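protein-v9.cif follows (mmCIF, C-alpha atoms):
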data_coords
#
loop_
_atom_site.label_atom_id
_atom_site.label_comp_id
_atom_site.auth_asym_id
_atom_site.auth_seq_id
_atom_site.Cartn_x
_atom_site.Cartn_y
_atom_site.Cartn_z
CA MET A 1 4.95 45.69 31.74
CA ILE A 2 2.29 46.33 29.16
CA GLN A 3 -0.21 48.96 30.09
CA LEU A 4 -3.31 49.25 27.99
CA ASP A 5 -5.18 52.50 28.12
CA PHE A 6 -8.56 52.08 26.53
CA LEU A 7 -9.96 55.23 28.11
CA ALA A 8 -7.69 57.34 25.94
CA VAL A 9 -9.37 55.78 22.92
CA LEU A 10 -12.91 55.59 24.23
CA SER A 11 -12.84 59.24 25.24
CA GLN A 12 -12.73 59.99 21.51
CA TRP A 13 -16.05 58.25 21.00
CA PRO A 14 -17.53 60.93 18.73
CA ALA A 15 -14.87 60.15 16.09
CA LEU A 16 -15.51 56.43 16.43
CA LEU A 17 -19.26 56.91 16.21
CA GLN A 18 -18.89 59.07 13.12
CA GLY A 19 -16.59 56.50 11.56
CA ALA A 20 -19.00 53.67 12.28
CA ALA A 21 -21.89 55.69 10.85
CA PHE A 22 -19.82 56.42 7.76
CA THR A 23 -18.98 52.74 7.32
CA LEU A 24 -22.67 51.86 7.63
CA GLY A 25 -23.62 54.57 5.15
CA LEU A 26 -21.07 53.43 2.58
CA SER A 27 -22.19 49.83 3.03
CA ALA A 28 -25.88 50.67 2.74
CA VAL A 29 -25.42 52.54 -0.53
CA ALA A 30 -23.08 49.88 -1.87
CA ALA A 31 -25.45 47.08 -0.84
CA VAL A 32 -28.45 48.58 -2.64
CA LEU A 33 -26.58 49.48 -5.82
CA GLY A 34 -24.38 46.39 -5.73
CA VAL A 35 -27.26 43.95 -5.37
CA GLY A 36 -29.07 45.85 -8.13
CA LEU A 37 -26.04 45.47 -10.38
CA GLY A 38 -25.80 41.83 -9.35
CA VAL A 39 -29.42 41.18 -10.27
CA PHE A 40 -28.90 42.77 -13.67
CA CYS A 41 -25.71 40.77 -14.28
CA GLY A 42 -27.31 37.59 -12.99
CA TRP A 43 -30.18 38.10 -15.42
CA ALA A 44 -27.76 38.90 -18.25
CA ARG A 45 -25.77 35.74 -17.63
CA SER A 46 -28.66 33.34 -17.46
CA GLU A 47 -31.23 34.93 -19.77
CA GLY A 48 -29.63 37.87 -21.56
CA PRO A 49 -28.29 38.00 -25.11
CA ARG A 50 -25.09 36.08 -25.74
CA TRP A 51 -22.72 39.04 -26.19
CA LEU A 52 -23.96 40.60 -22.95
CA ALA A 53 -23.56 37.33 -21.09
CA ALA A 54 -19.96 37.06 -22.32
CA LEU A 55 -19.23 40.64 -21.30
CA VAL A 56 -20.69 40.08 -17.84
CA SER A 57 -18.72 36.84 -17.43
CA ALA A 58 -15.49 38.71 -18.18
CA TYR A 59 -16.40 41.40 -15.64
CA VAL A 60 -17.27 38.84 -12.97
CA GLU A 61 -14.05 36.85 -13.50
CA LEU A 62 -11.91 39.98 -13.50
CA ILE A 63 -13.33 41.31 -10.25
CA ARG A 64 -13.43 37.99 -8.43
CA ASN A 65 -9.79 37.28 -9.21
CA THR A 66 -8.25 40.62 -8.16
CA PRO A 67 -8.00 42.11 -4.65
CA PHE A 68 -10.43 44.82 -3.58
CA ILE A 69 -7.60 47.16 -2.58
CA VAL A 70 -6.17 47.05 -6.12
CA GLN A 71 -9.61 47.76 -7.59
CA LEU A 72 -9.97 50.69 -5.22
CA PHE A 73 -6.51 52.09 -6.03
CA PHE A 74 -7.13 51.67 -9.73
CA ILE A 75 -10.36 53.66 -9.49
CA PHE A 76 -9.03 56.33 -7.14
CA PHE A 77 -5.46 56.79 -8.42
CA GLY A 78 -5.68 55.36 -11.93
CA LEU A 79 -8.84 56.90 -13.36
CA PRO A 80 -7.83 60.57 -12.80
CA SER A 81 -5.21 60.13 -15.52
CA LEU A 82 -8.12 59.53 -17.90
CA GLY A 83 -9.67 62.75 -16.65
CA VAL A 84 -12.09 61.12 -14.20
CA LYS A 85 -11.48 62.75 -10.84
CA LEU A 86 -13.32 61.21 -7.94
CA SER A 87 -13.60 62.11 -4.27
CA PRO A 88 -12.50 59.36 -1.85
CA GLU A 89 -16.11 58.72 -0.90
CA VAL A 90 -17.35 58.35 -4.46
CA ALA A 91 -14.37 56.20 -5.41
CA SER A 92 -15.04 53.97 -2.37
CA ILE A 93 -18.68 53.56 -3.28
CA ILE A 94 -17.90 52.78 -6.91
CA ALA A 95 -15.30 50.21 -5.91
CA MET A 96 -17.66 48.57 -3.42
CA VAL A 97 -20.54 48.50 -5.90
CA VAL A 98 -18.39 47.05 -8.67
CA ASN A 99 -16.98 44.47 -6.27
CA LEU A 100 -20.30 43.44 -4.72
CA GLY A 101 -21.95 43.42 -8.15
CA ALA A 102 -19.61 40.71 -9.41
CA TYR A 103 -20.11 38.43 -6.42
CA ALA A 104 -23.84 39.09 -6.24
CA ALA A 105 -24.13 38.26 -9.94
CA GLU A 106 -22.90 34.72 -9.31
CA ILE A 107 -25.10 34.32 -6.25
CA VAL A 108 -28.25 35.66 -7.95
CA ARG A 109 -27.60 33.56 -11.02
CA ALA A 110 -27.53 30.42 -8.90
CA GLY A 111 -30.94 31.42 -7.55
CA ILE A 112 -32.35 32.17 -10.99
CA ASP A 113 -31.06 28.93 -12.49
CA ASN A 114 -32.84 26.91 -9.81
CA THR A 115 -36.27 28.26 -10.75
CA PRO A 116 -38.61 25.34 -11.52
CA LYS A 117 -39.46 25.37 -15.21
CA GLY A 118 -43.16 24.90 -14.55
CA GLN A 119 -43.36 28.26 -12.77
CA ILE A 120 -42.09 30.12 -15.82
CA GLU A 121 -44.40 28.19 -18.10
CA ALA A 122 -47.33 28.90 -15.80
CA ALA A 123 -46.49 32.61 -15.76
CA ARG A 124 -46.23 32.71 -19.55
CA SER A 125 -49.52 30.91 -19.94
CA LEU A 126 -51.07 33.71 -17.87
CA ALA A 127 -49.86 36.07 -20.62
CA LEU A 128 -47.37 37.94 -18.45
CA SER A 129 -44.74 39.82 -20.41
CA GLU A 130 -41.14 38.56 -20.22
CA LEU A 131 -40.26 41.44 -17.90
CA GLN A 132 -43.17 40.60 -15.62
CA VAL A 133 -42.20 36.94 -15.61
CA PHE A 134 -38.71 37.90 -14.43
CA THR A 135 -39.58 40.55 -11.87
CA ARG A 136 -42.73 38.94 -10.45
CA VAL A 137 -42.22 35.21 -10.79
CA VAL A 138 -38.53 34.39 -11.16
CA LEU A 139 -36.70 37.03 -9.14
CA PRO A 140 -38.43 37.15 -5.73
CA PRO A 141 -38.14 33.42 -4.94
CA ALA A 142 -34.65 33.38 -6.46
CA LEU A 143 -33.55 36.12 -4.04
CA GLY A 144 -35.24 34.24 -1.24
CA ARG A 145 -33.29 31.08 -2.03
CA VAL A 146 -29.90 32.84 -2.04
CA TRP A 147 -30.59 35.45 0.62
CA PRO A 148 -28.22 33.91 3.22
CA ALA A 149 -25.34 33.92 0.72
CA LEU A 150 -26.19 37.45 -0.37
CA THR A 151 -26.27 38.58 3.27
CA SER A 152 -22.82 37.08 3.86
CA GLN A 153 -21.45 38.83 0.80
CA ILE A 154 -22.85 42.21 1.90
CA VAL A 155 -21.17 41.75 5.30
CA ILE A 156 -17.89 40.81 3.57
CA VAL A 157 -18.05 43.98 1.49
CA MET A 158 -18.76 46.04 4.60
CA LEU A 159 -15.71 44.58 6.33
CA GLY A 160 -13.70 45.13 3.16
CA SER A 161 -14.58 48.81 3.28
CA ALA A 162 -11.98 49.15 6.07
CA VAL A 163 -9.52 49.48 3.19
CA CYS A 164 -11.25 52.67 2.01
CA GLY A 165 -9.55 54.50 4.88
CA GLN A 166 -6.36 54.09 2.87
CA ILE A 167 -7.63 56.59 0.32
CA SER A 168 -8.79 58.81 3.19
CA ALA A 169 -12.49 58.01 3.08
CA GLN A 170 -13.42 58.83 6.66
CA GLU A 171 -14.81 55.49 7.75
CA LEU A 172 -14.21 53.52 10.91
CA SER A 173 -10.63 52.36 10.32
CA TYR A 174 -9.73 55.89 9.29
CA ALA A 175 -11.15 57.15 12.58
CA ALA A 176 -9.07 54.57 14.47
CA ASN A 177 -5.97 55.73 12.61
CA LEU A 178 -6.79 59.33 13.41
CA ILE A 179 -7.16 58.56 17.11
CA HIS A 180 -3.90 56.69 17.27
CA SER A 181 -2.07 59.50 15.52
CA ARG A 182 -3.37 61.80 18.26
CA ASN A 183 -2.55 59.70 21.31
CA PHE A 184 -0.20 56.95 20.04
CA ARG A 185 -2.52 54.26 21.42
CA ALA A 186 -2.32 52.24 18.21
CA PHE A 187 -3.15 48.82 19.65
CA GLU A 188 -6.04 50.01 21.78
CA ALA A 189 -7.53 52.07 18.95
CA THR A 190 -7.35 49.05 16.64
CA ILE A 191 -8.93 46.74 19.24
CA VAL A 192 -11.81 49.14 19.80
CA ALA A 193 -12.36 49.59 16.06
CA THR A 194 -12.21 45.82 15.52
CA ALA A 195 -14.78 45.27 18.26
CA ILE A 196 -17.07 47.82 16.61
CA TYR A 197 -16.64 46.06 13.26
CA LEU A 198 -17.58 42.76 14.91
CA ALA A 199 -20.70 44.33 16.41
CA LEU A 200 -21.58 45.91 13.05
CA SER A 201 -21.18 42.65 11.16
CA ILE A 202 -23.38 40.76 13.62
CA GLY A 203 -25.94 43.58 13.63
CA VAL A 204 -26.08 43.95 9.86
CA ARG A 205 -26.47 40.21 9.43
CA GLN A 206 -29.42 40.18 11.86
CA LEU A 207 -30.94 43.20 10.17
CA LEU A 208 -30.74 41.66 6.71
CA ASN A 209 -32.15 38.36 7.96
CA TRP A 210 -35.06 40.31 9.33
CA LEU A 211 -35.41 42.65 6.36
CA GLY A 212 -35.25 40.09 3.56
CA PRO A 213 -38.41 38.08 4.12
CA ARG A 214 -40.43 41.19 4.99
CA PHE A 215 -39.51 43.63 2.26
CA ILE A 216 -37.34 42.05 -0.41
CA PHE A 217 -38.88 38.75 -1.42
CA GLY A 218 -41.98 38.40 0.70
CA ARG A 219 -42.94 35.40 2.78
CA LEU A 220 -42.38 32.32 0.73
CA PRO A 221 -44.17 29.08 1.24
CA ALA A 222 -41.66 26.46 2.36
CA ALA A 223 -42.04 24.58 -0.91
CA GLY A 224 -41.12 27.65 -2.95
CA ARG A 225 -37.56 27.77 -1.66
CA MET B 1 14.44 61.29 -12.58
CA VAL B 2 14.80 57.69 -13.64
CA ASP B 3 12.84 56.70 -16.67
CA PHE B 4 10.82 53.54 -16.36
CA SER B 5 9.99 51.70 -19.53
CA MET B 6 6.95 49.49 -19.70
CA TRP B 7 9.20 46.48 -19.31
CA ASP B 8 10.88 47.98 -16.21
CA ILE B 9 7.50 48.42 -14.57
CA PHE B 10 6.40 44.92 -15.41
CA ARG B 11 9.71 43.34 -14.41
CA ASN B 12 9.72 45.02 -11.01
CA LEU B 13 6.14 44.02 -10.39
CA LEU B 14 6.96 40.47 -11.39
CA LEU B 15 9.84 40.41 -8.89
CA ALA B 16 7.53 41.72 -6.16
CA ALA B 17 4.93 39.08 -7.04
CA ARG B 18 7.32 36.47 -5.62
CA TRP B 19 6.57 37.88 -2.19
CA THR B 20 2.85 37.67 -2.80
CA VAL B 21 3.28 34.02 -3.71
CA GLY B 22 5.56 33.39 -0.73
CA LEU B 23 3.21 35.01 1.76
CA SER B 24 0.26 33.13 0.26
CA ILE B 25 2.04 29.80 0.65
CA VAL B 26 3.08 30.52 4.24
CA ALA B 27 -0.45 31.63 5.16
CA PHE B 28 -2.09 28.71 3.38
CA VAL B 29 0.17 26.00 4.79
CA GLY B 30 0.28 27.51 8.28
CA GLY B 31 -3.43 28.21 8.23
CA GLY B 32 -4.11 24.68 7.03
CA MET B 33 -2.19 23.19 9.95
CA VAL B 34 -3.82 25.42 12.57
CA GLY B 35 -7.21 24.88 10.95
CA LEU B 36 -6.74 21.11 11.04
CA ALA B 37 -5.73 21.22 14.70
CA LEU B 38 -8.84 23.25 15.51
CA LEU B 39 -11.02 20.86 13.52
CA LEU B 40 -9.60 17.83 15.34
CA ALA B 41 -10.07 19.54 18.69
CA ARG B 42 -13.71 20.01 17.78
CA LEU B 43 -14.23 16.48 16.49
CA ALA B 44 -12.49 14.95 19.51
CA LYS B 45 -14.94 16.95 21.64
CA LEU B 46 -12.23 18.43 23.83
CA PRO B 47 -13.83 20.41 26.66
CA GLY B 48 -14.56 23.96 25.57
CA ALA B 49 -13.39 23.30 22.00
CA GLN B 50 -16.87 23.58 20.50
CA LEU B 51 -17.54 27.02 21.92
CA GLY B 52 -13.93 28.21 21.70
CA VAL B 53 -13.49 27.39 18.03
CA ALA B 54 -16.90 28.82 17.16
CA ALA B 55 -15.93 32.10 18.85
CA TYR B 56 -12.56 32.04 17.08
CA VAL B 57 -14.24 31.59 13.71
CA GLN B 58 -16.79 34.32 14.40
CA LEU B 59 -14.00 36.66 15.49
CA PHE B 60 -11.97 36.25 12.31
CA GLN B 61 -14.90 36.09 9.92
CA GLY B 62 -16.67 39.05 11.53
CA THR B 63 -13.81 41.55 11.50
CA PRO B 64 -11.85 43.10 8.64
CA LEU B 65 -8.61 41.38 7.67
CA LEU B 66 -7.02 44.84 7.62
CA MET B 67 -7.77 45.26 11.34
CA GLN B 68 -6.38 41.79 12.05
CA LEU B 69 -3.16 42.78 10.31
CA PHE B 70 -2.95 45.99 12.34
CA LEU B 71 -3.59 44.05 15.55
CA ALA B 72 -0.79 41.60 14.78
CA TYR B 73 1.54 44.41 13.78
CA PHE B 74 0.90 46.66 16.80
CA GLY B 75 0.25 43.78 19.18
CA LEU B 76 3.56 42.03 18.57
CA ALA B 77 5.36 45.35 18.98
CA LEU B 78 3.49 45.94 22.22
CA ILE B 79 4.64 42.71 23.84
CA GLY B 80 8.19 43.74 23.06
CA LEU B 81 8.82 41.71 19.92
CA ASN B 82 10.38 43.90 17.32
CA VAL B 83 9.18 42.01 14.29
CA SER B 84 9.17 42.85 10.62
CA ALA B 85 6.03 43.40 8.58
CA TRP B 86 6.72 39.98 7.05
CA VAL B 87 6.28 38.17 10.39
CA ALA B 88 3.23 40.20 11.41
CA ALA B 89 1.57 39.63 8.04
CA SER B 90 2.35 35.90 8.13
CA LEU B 91 0.88 35.57 11.61
CA ALA B 92 -2.30 37.52 10.83
CA LEU B 93 -2.92 35.77 7.53
CA THR B 94 -2.22 32.35 9.04
CA LEU B 95 -4.80 32.88 11.77
CA TYR B 96 -7.30 34.35 9.29
CA THR B 97 -6.83 31.39 6.93
CA SER B 98 -7.12 28.86 9.75
CA ALA B 99 -10.47 30.28 10.85
CA PHE B 100 -11.95 29.95 7.36
CA LEU B 101 -10.43 26.56 6.57
CA THR B 102 -11.52 25.00 9.85
CA GLU B 103 -15.08 26.13 9.13
CA ILE B 104 -14.98 24.86 5.53
CA TRP B 105 -13.63 21.51 6.63
CA ARG B 106 -16.14 21.18 9.43
CA GLY B 107 -18.86 21.48 6.80
CA CYS B 108 -17.18 18.71 4.80
CA VAL B 109 -16.97 16.41 7.82
CA ASN B 110 -20.61 17.13 8.66
CA ALA B 111 -21.56 16.07 5.14
CA ILE B 112 -20.39 12.52 5.85
CA PRO B 113 -23.35 10.26 6.61
CA LYS B 114 -23.87 9.46 10.27
CA GLY B 115 -23.84 5.76 9.49
CA GLN B 116 -20.15 5.97 8.69
CA TRP B 117 -19.40 7.25 12.18
CA GLU B 118 -21.59 4.59 13.75
CA ALA B 119 -20.00 1.86 11.66
CA ALA B 120 -16.55 3.05 12.72
CA ASP B 121 -17.66 3.13 16.35
CA SER B 122 -19.12 -0.36 16.15
CA LEU B 123 -15.76 -1.60 14.87
CA ALA B 124 -14.24 -0.14 18.04
CA LEU B 125 -11.88 2.11 16.10
CA SER B 126 -10.03 4.70 18.15
CA PHE B 127 -10.45 8.41 17.38
CA GLY B 128 -7.21 8.43 15.41
CA GLU B 129 -8.17 5.37 13.38
CA LYS B 130 -11.61 6.76 12.68
CA MET B 131 -10.09 9.95 11.36
CA ARG B 132 -7.43 8.21 9.31
CA HIS B 133 -9.41 5.37 7.79
CA VAL B 134 -13.09 6.35 7.76
CA VAL B 135 -13.83 10.05 8.09
CA GLY B 136 -10.60 11.55 6.76
CA PRO B 137 -10.48 10.03 3.29
CA GLN B 138 -14.15 10.73 2.59
CA ALA B 139 -14.03 14.28 3.92
CA LEU B 140 -10.88 14.97 1.94
CA ARG B 141 -12.65 14.19 -1.31
CA ILE B 142 -15.33 16.82 -0.83
CA ALA B 143 -12.95 19.27 0.85
CA VAL B 144 -10.59 19.72 -2.08
CA PRO B 145 -12.62 22.07 -4.35
CA PRO B 146 -13.67 24.60 -1.66
CA THR B 147 -10.17 24.54 -0.16
CA VAL B 148 -8.58 25.33 -3.51
CA GLY B 149 -11.24 27.99 -4.00
CA PHE B 150 -10.32 29.58 -0.70
CA LEU B 151 -6.69 29.81 -1.81
CA VAL B 152 -7.86 32.60 -4.12
CA GLN B 153 -9.15 34.52 -1.09
CA VAL B 154 -5.78 34.05 0.60
CA ILE B 155 -3.84 35.34 -2.40
CA LYS B 156 -6.10 38.38 -2.59
CA GLY B 157 -5.84 38.82 1.17
CA THR B 158 -2.06 39.17 0.97
CA ALA B 159 -2.62 42.45 -0.91
CA LEU B 160 -3.63 43.99 2.42
CA ALA B 161 -0.19 43.27 3.86
CA SER B 162 0.95 46.21 1.75
CA VAL B 163 -0.82 48.50 4.22
CA ILE B 164 1.48 47.51 7.10
CA GLY B 165 4.48 48.03 4.83
CA PHE B 166 5.20 44.55 3.55
CA ILE B 167 6.58 44.91 0.03
CA GLU B 168 4.59 42.60 -2.21
CA LEU B 169 2.76 43.17 -5.45
CA THR B 170 0.39 45.93 -4.32
CA LYS B 171 3.03 47.81 -2.32
CA ALA B 172 5.46 47.57 -5.23
CA GLY B 173 2.72 48.98 -7.45
CA THR B 174 2.30 51.95 -5.11
CA MET B 175 6.05 52.54 -4.98
CA ILE B 176 6.44 52.37 -8.75
CA THR B 177 3.46 54.70 -9.14
CA ASN B 178 5.17 57.21 -6.88
CA ALA B 179 8.28 57.03 -9.06
CA THR B 180 6.65 57.05 -12.48
CA PHE B 181 3.37 58.98 -12.00
CA LYS B 182 1.61 56.40 -14.14
CA PRO B 183 -1.01 55.02 -11.77
CA PHE B 184 -3.32 53.85 -14.52
CA THR B 185 -0.73 51.65 -16.22
CA VAL B 186 0.86 50.40 -13.03
CA TYR B 187 -2.34 49.42 -11.22
CA ALA B 188 -3.67 47.82 -14.39
CA CYS B 189 -0.49 45.71 -14.49
CA VAL B 190 -0.86 44.89 -10.80
CA ALA B 191 -4.45 43.78 -11.36
CA LEU B 192 -3.37 41.74 -14.36
CA LEU B 193 -0.71 39.92 -12.33
CA TYR B 194 -3.18 39.14 -9.55
CA PHE B 195 -5.56 37.86 -12.18
CA ALA B 196 -2.80 35.69 -13.65
CA LEU B 197 -2.18 34.23 -10.18
CA CYS B 198 -5.79 33.76 -9.11
CA TRP B 199 -7.66 32.82 -12.24
CA PRO B 200 -5.96 29.44 -12.81
CA VAL B 201 -6.66 28.58 -9.16
CA SER B 202 -10.34 29.57 -9.51
CA ALA B 203 -10.62 27.58 -12.72
CA ALA B 204 -9.00 24.54 -11.08
CA SER B 205 -11.39 24.75 -8.16
CA ARG B 206 -14.38 24.88 -10.48
CA LYS B 207 -13.08 21.99 -12.55
CA LEU B 208 -12.45 19.88 -9.44
CA GLU B 209 -15.93 20.63 -8.20
CA ARG B 210 -17.44 19.49 -11.45
CA SER B 211 -15.39 16.31 -11.65
CA PHE B 212 -16.21 15.39 -8.04
CA LYS B 213 -19.88 16.00 -8.65
CA HIS B 214 -20.00 13.70 -11.65
CA GLY B 215 -17.31 11.29 -10.51
CA ARG B 216 -19.44 9.34 -8.08
#
Is it possible to express this structure as structure tokens?
Amino acid sequence: MIQLDFLAVLSQWPALLQGAAFTLGLSAVAAVLGVGLGVFCGWARSEGPRWLAALVSAYVELIRNTPFIVQLFFIFFGLPSLGVKLSPEVASIIAMVVNLGAYAAEIVRAGIDNTPKGQIEAARSLALSELQVFTRVVLPPALGRVWPALTSQIVIVMLGSAVCGQISAQELSYAANLIHSRNFRAFEATIVATAIYLALSIGVRQLLNWLGPRFIFGRLPAAGR
Amino acid sequence: MVDFSMWDIFRNLLLAARWTVGLSIVAFVGGGMVGLALLLARLAKLPGAQLGVAAYVQLFQGTPLLMQLFLAYFGLALIGLNVSAWVAASLALTLYTSAFLTEIWRGCVNAIPKGQWEAADSLALSFGEKMRHVVGPQALRIAVPPTVGFLVQVIKGTALASVIGFIELTKAGTMITNATFKPFTVYACVALLYFALCWPVSAASRKLERSFKHGR
């Protein structure tokens, strides 16, 4: 007879809570830096100089066609042999930023490429500088158009961060592992952690849906999307 | 200590890559079949299918694949099945793949104009005939590029099976690193091999997408 003992796991709630907070922290930092990197790369690919666009394309293809866990191991185990020693936390953040940056670049580029030509011409005729045209006229509606895709990608990266426990970054899956090494309730600990991940992914999605229109790209008129 | 030459490293990784390919195929084919069954259950409007499949999709898309692998691994052991990492990984990846594919394909079916359904209904076609002769062929056309694209996600997903001890490309990389102390070289080779597997698939998906877009 199978006996599940969830109390043994839930009684360790401080570890779970800490793990969840750590996961959220990692994801928040990675989301901000990763989307920033994505915006830069998206700009470089659609409007930047040719050599930069080629370089960014290579980066995007390389990251999109290799698993996150290999990227993480390469950064954490591989780079020290070049003299770059990183803590698990820093390595996790770098891996997440690099990963999100590549996917966000493609997403943001799609938004930028769909900008109506007339808007750019109108902005130029108002004598805005090229930088102003990009940051004030092109970027906000572009982000608005692709916000749902960007939100999904941020959630995917957050879920992917479960792998960071493998290099002993103390996030949620690491906490679950720790609990099961204490009380041997492996299945229950994993179920509880999985349920927390599910709640986090739903919560973060709601939060970003709420946050985007208010603080990132402003309220757009329906026609602008 | 055994000395590993560059070729030894690469050869061993190449041998391990067979398991990555094998697991990907099992997950993709199995996931495709389960995904299709779920899609048909939804389209046939079986009682509870709508809500059940939606919850299933949310469950697999809203939790980390790593946790799903752990659940399969520990869960199968808990119900008394002493299975290898290979079986647990196949099961978890199959279910994961099915959840994504059923959602992708549902989008493709939804993209078919309503008039097609109504026309099929007015010809008094049965559900099976509708699927086979009207909806199926048209949905298939638009479903090919995203399905091929998702294969890349499956191949990359198999890397996580290394965590529950299944020896594929990533796990082999870790083992060789432990023997050679050359993590930089080994993981670069591992990444290169994944790239060699995934990039042609990505390129094919993009090409298919373009040809379908202009082919009408």
When you draw a straight line from atom CA of Leu17 of chain A to atom CA of Phe187 of chain A, how long is it in Å?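 It comes out at 18.4 Å.
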Let me make sure I understand: among A:Ile167, A:Ile156, A:Val56, A:Leu139, which one has the smallest atom-to-atom distance to chain B if we use all atoms listed in the file?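 Looking only at the distances to chain B, the closest residue turns out to be A:Ile156.
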Taken to one decimal, the atom CA of Asn114 of chain A-atom CA of Ser46 of chain A distance is 10.8 Å
Between segment 153-199 of chain B and segment 50-73 of chain B, at 12 Å or less, what are the per-residue closest atom pairs and their distances in Å? Count all atoms listed in the file, order by chain and rising residue number, and return it as CSV.
residue,atom,partner,partner_atom,distance
B:Gln153,CA,B:Leu65,CA,11.1
B:Val154,CA,B:Leu65,CA,10.6
B:Lys156,CA,B:Leu65,CA,11.0
B:Gly157,CA,B:Leu65,CA,7.5
B:Thr158,CA,B:Leu65,CA,9.6
B:Ala159,CA,B:Leu66,CA,9.9
B:Leu160,CA,B:Leu66,CA,6.3
B:Ala161,CA,B:Leu69,CA,7.1
B:Ser162,CA,B:Leu66,CA,10.0
B:Val163,CA,B:Leu66,CA,8.0
B:Ile164,CA,B:Phe70,CA,7.0
B:Gly165,CA,B:Tyr73,CA,10.1
B:Phe166,CA,B:Tyr73,CA,10.9
Picked residues, the PyMOL selection byres ((chain A and resi 23) around 8), expected as a list in words: Gly19, Ala20, Ala21, Phe22, Leu24, Gly25, Leu26, Ser27, Met158, Ser161, Ala162, Glu171 and Leu172 of chain A
Using all atoms listed in the file, what table do you get, as JSON lines, when you list each residue of chain A with an atom no more than 7 Å from chain B, its nearest pair of atoms, and their distance in Å rounded to one decimal, rows by chain then rising number?
{"residue": "A:Ile2", "atom": "CA", "partner": "B:Ile79", "partner_atom": "CA", "distance": 6.9}
{"residue": "A:Leu62", "atom": "CA", "partner": "B:Phe195", "partner_atom": "CA", "distance": 6.8}
{"residue": "A:Asn65", "atom": "CA", "partner": "B:Phe195", "partner_atom": "CA", "distance": 5.2}
{"residue": "A:Thr66", "atom": "CA", "partner": "B:Tyr194", "partner_atom": "CA", "distance": 5.5}
{"residue": "A:Pro67", "atom": "CA", "partner": "B:Lys156", "partner_atom": "CA", "distance": 4.7}
{"residue": "A:Val70", "atom": "CA", "partner": "B:Ala191", "partner_atom": "CA", "distance": 6.4}
{"residue": "A:Phe74", "atom": "CA", "partner": "B:Tyr187", "partner_atom": "CA", "distance": 5.5}
{"residue": "A:Phe77", "atom": "CA", "partner": "B:Pro183", "partner_atom": "CA", "distance": 5.8}
{"residue": "A:Gly78", "atom": "CA", "partner": "B:Phe184", "partner_atom": "CA", "distance": 3.8}
{"residue": "A:Leu79", "atom": "CA", "partner": "B:Phe184", "partner_atom": "CA", "distance": 6.4}
{"residue": "A:Ser81", "atom": "CA", "partner": "B:Phe184", "partner_atom": "CA", "distance": 6.6}
{"residue": "A:Leu159", "atom": "CA", "partner": "B:Pro64", "partner_atom": "CA", "distance": 4.7}
{"residue": "A:Gly160", "atom": "CA", "partner": "B:Pro64", "partner_atom": "CA", "distance": 6.1}
{"residue": "A:Ala162", "atom": "CA", "partner": "B:Pro64", "partner_atom": "CA", "distance": 6.6}
{"residue": "A:Val163", "atom": "CA", "partner": "B:Leu66", "partner_atom": "CA", "distance": 6.9}
{"residue": "A:Ala186", "atom": "CA", "partner": "B:Phe74", "partner_atom": "CA", "distance": 6.6}
{"residue": "A:Phe187", "atom": "CA", "partner": "B:Phe74", "partner_atom": "CA", "distance": 5.4}
{"residue": "A:Thr190", "atom": "CA", "partner": "B:Leu71", "partner_atom": "CA", "distance": 6.4}
{"residue": "A:Thr194", "atom": "CA", "partner": "B:Thr63", "partner_atom": "CA", "distance": 6.1}
{"residue": "A:Tyr197", "atom": "CA", "partner": "B:Thr63", "partner_atom": "CA", "distance": 5.6}
{"residue": "A:Leu198", "atom": "CA", "partner": "B:Gly62", "partner_atom": "CA", "distance": 5.1}
{"residue": "A:Ser201", "atom": "CA", "partner": "B:Gly62", "partner_atom": "CA", "distance": 5.8}
Since the input is missing atoms, can you rebuild N, CA and C atoms for segment 62-69 of chain B and write them as a PDB file, in the coordinates of the input?
ATOM      1  N   GLY B  62     -15.820  37.881  11.303  1.00  0.00           N
ATOM      2  CA  GLY B  62     -16.670  39.050  11.530  1.00  0.00           C
ATOM      3  C   GLY B  62     -15.908  40.343  11.667  1.00  0.00           C
ATOM      4  N   THR B  63     -14.588  40.310  11.423  1.00  0.00           N
ATOM      5  CA  THR B  63     -13.810  41.550  11.500  1.00  0.00           C
ATOM      6  C   THR B  63     -12.975  41.686  10.239  1.00  0.00           C
ATOM      7  N   PRO B  64     -12.614  42.917   9.878  1.00  0.00           N
ATOM      8  CA  PRO B  64     -11.850  43.100   8.640  1.00  0.00           C
ATOM      9  C   PRO B  64     -10.435  42.519   8.768  1.00  0.00           C
ATOM     10  N   LEU B  65      -9.977  41.911   7.699  1.00  0.00           N
ATOM     11  CA  LEU B  65      -8.610  41.380   7.670  1.00  0.00           C
ATOM     12  C   LEU B  65      -7.599  42.505   7.927  1.00  0.00           C
ATOM     13  N   LEU B  66      -7.922  43.693   7.428  1.00  0.00           N
ATOM     14  CA  LEU B  66      -7.020  44.840   7.620  1.00  0.00           C
ATOM     15  C   LEU B  66      -6.781  45.104   9.105  1.00  0.00           C
ATOM     16  N   MET B  67      -7.883  45.035   9.895  1.00  0.00           N
ATOM     17  CA  MET B  67      -7.770  45.260  11.340  1.00  0.00           C
ATOM     18  C   MET B  67      -6.954  44.141  11.985  1.00  0.00           C
ATOM     19  N   GLN B  68      -7.149  42.913  11.503  1.00  0.00           N
ATOM     20  CA  GLN B  68      -6.380  41.790  12.050  1.00  0.00           C
ATOM     21  C   GLN B  68      -4.887  41.999  11.799  1.00  0.00           C
ATOM     22  N   LEU B  69      -4.568  42.509  10.625  1.00  0.00           N
ATOM     23  CA  LEU B  69      -3.160  42.780  10.310  1.00  0.00           C
ATOM     24  C   LEU B  69      -2.606  43.868  11.231  1.00  0.00           C
TER      25      LEU B  69
END
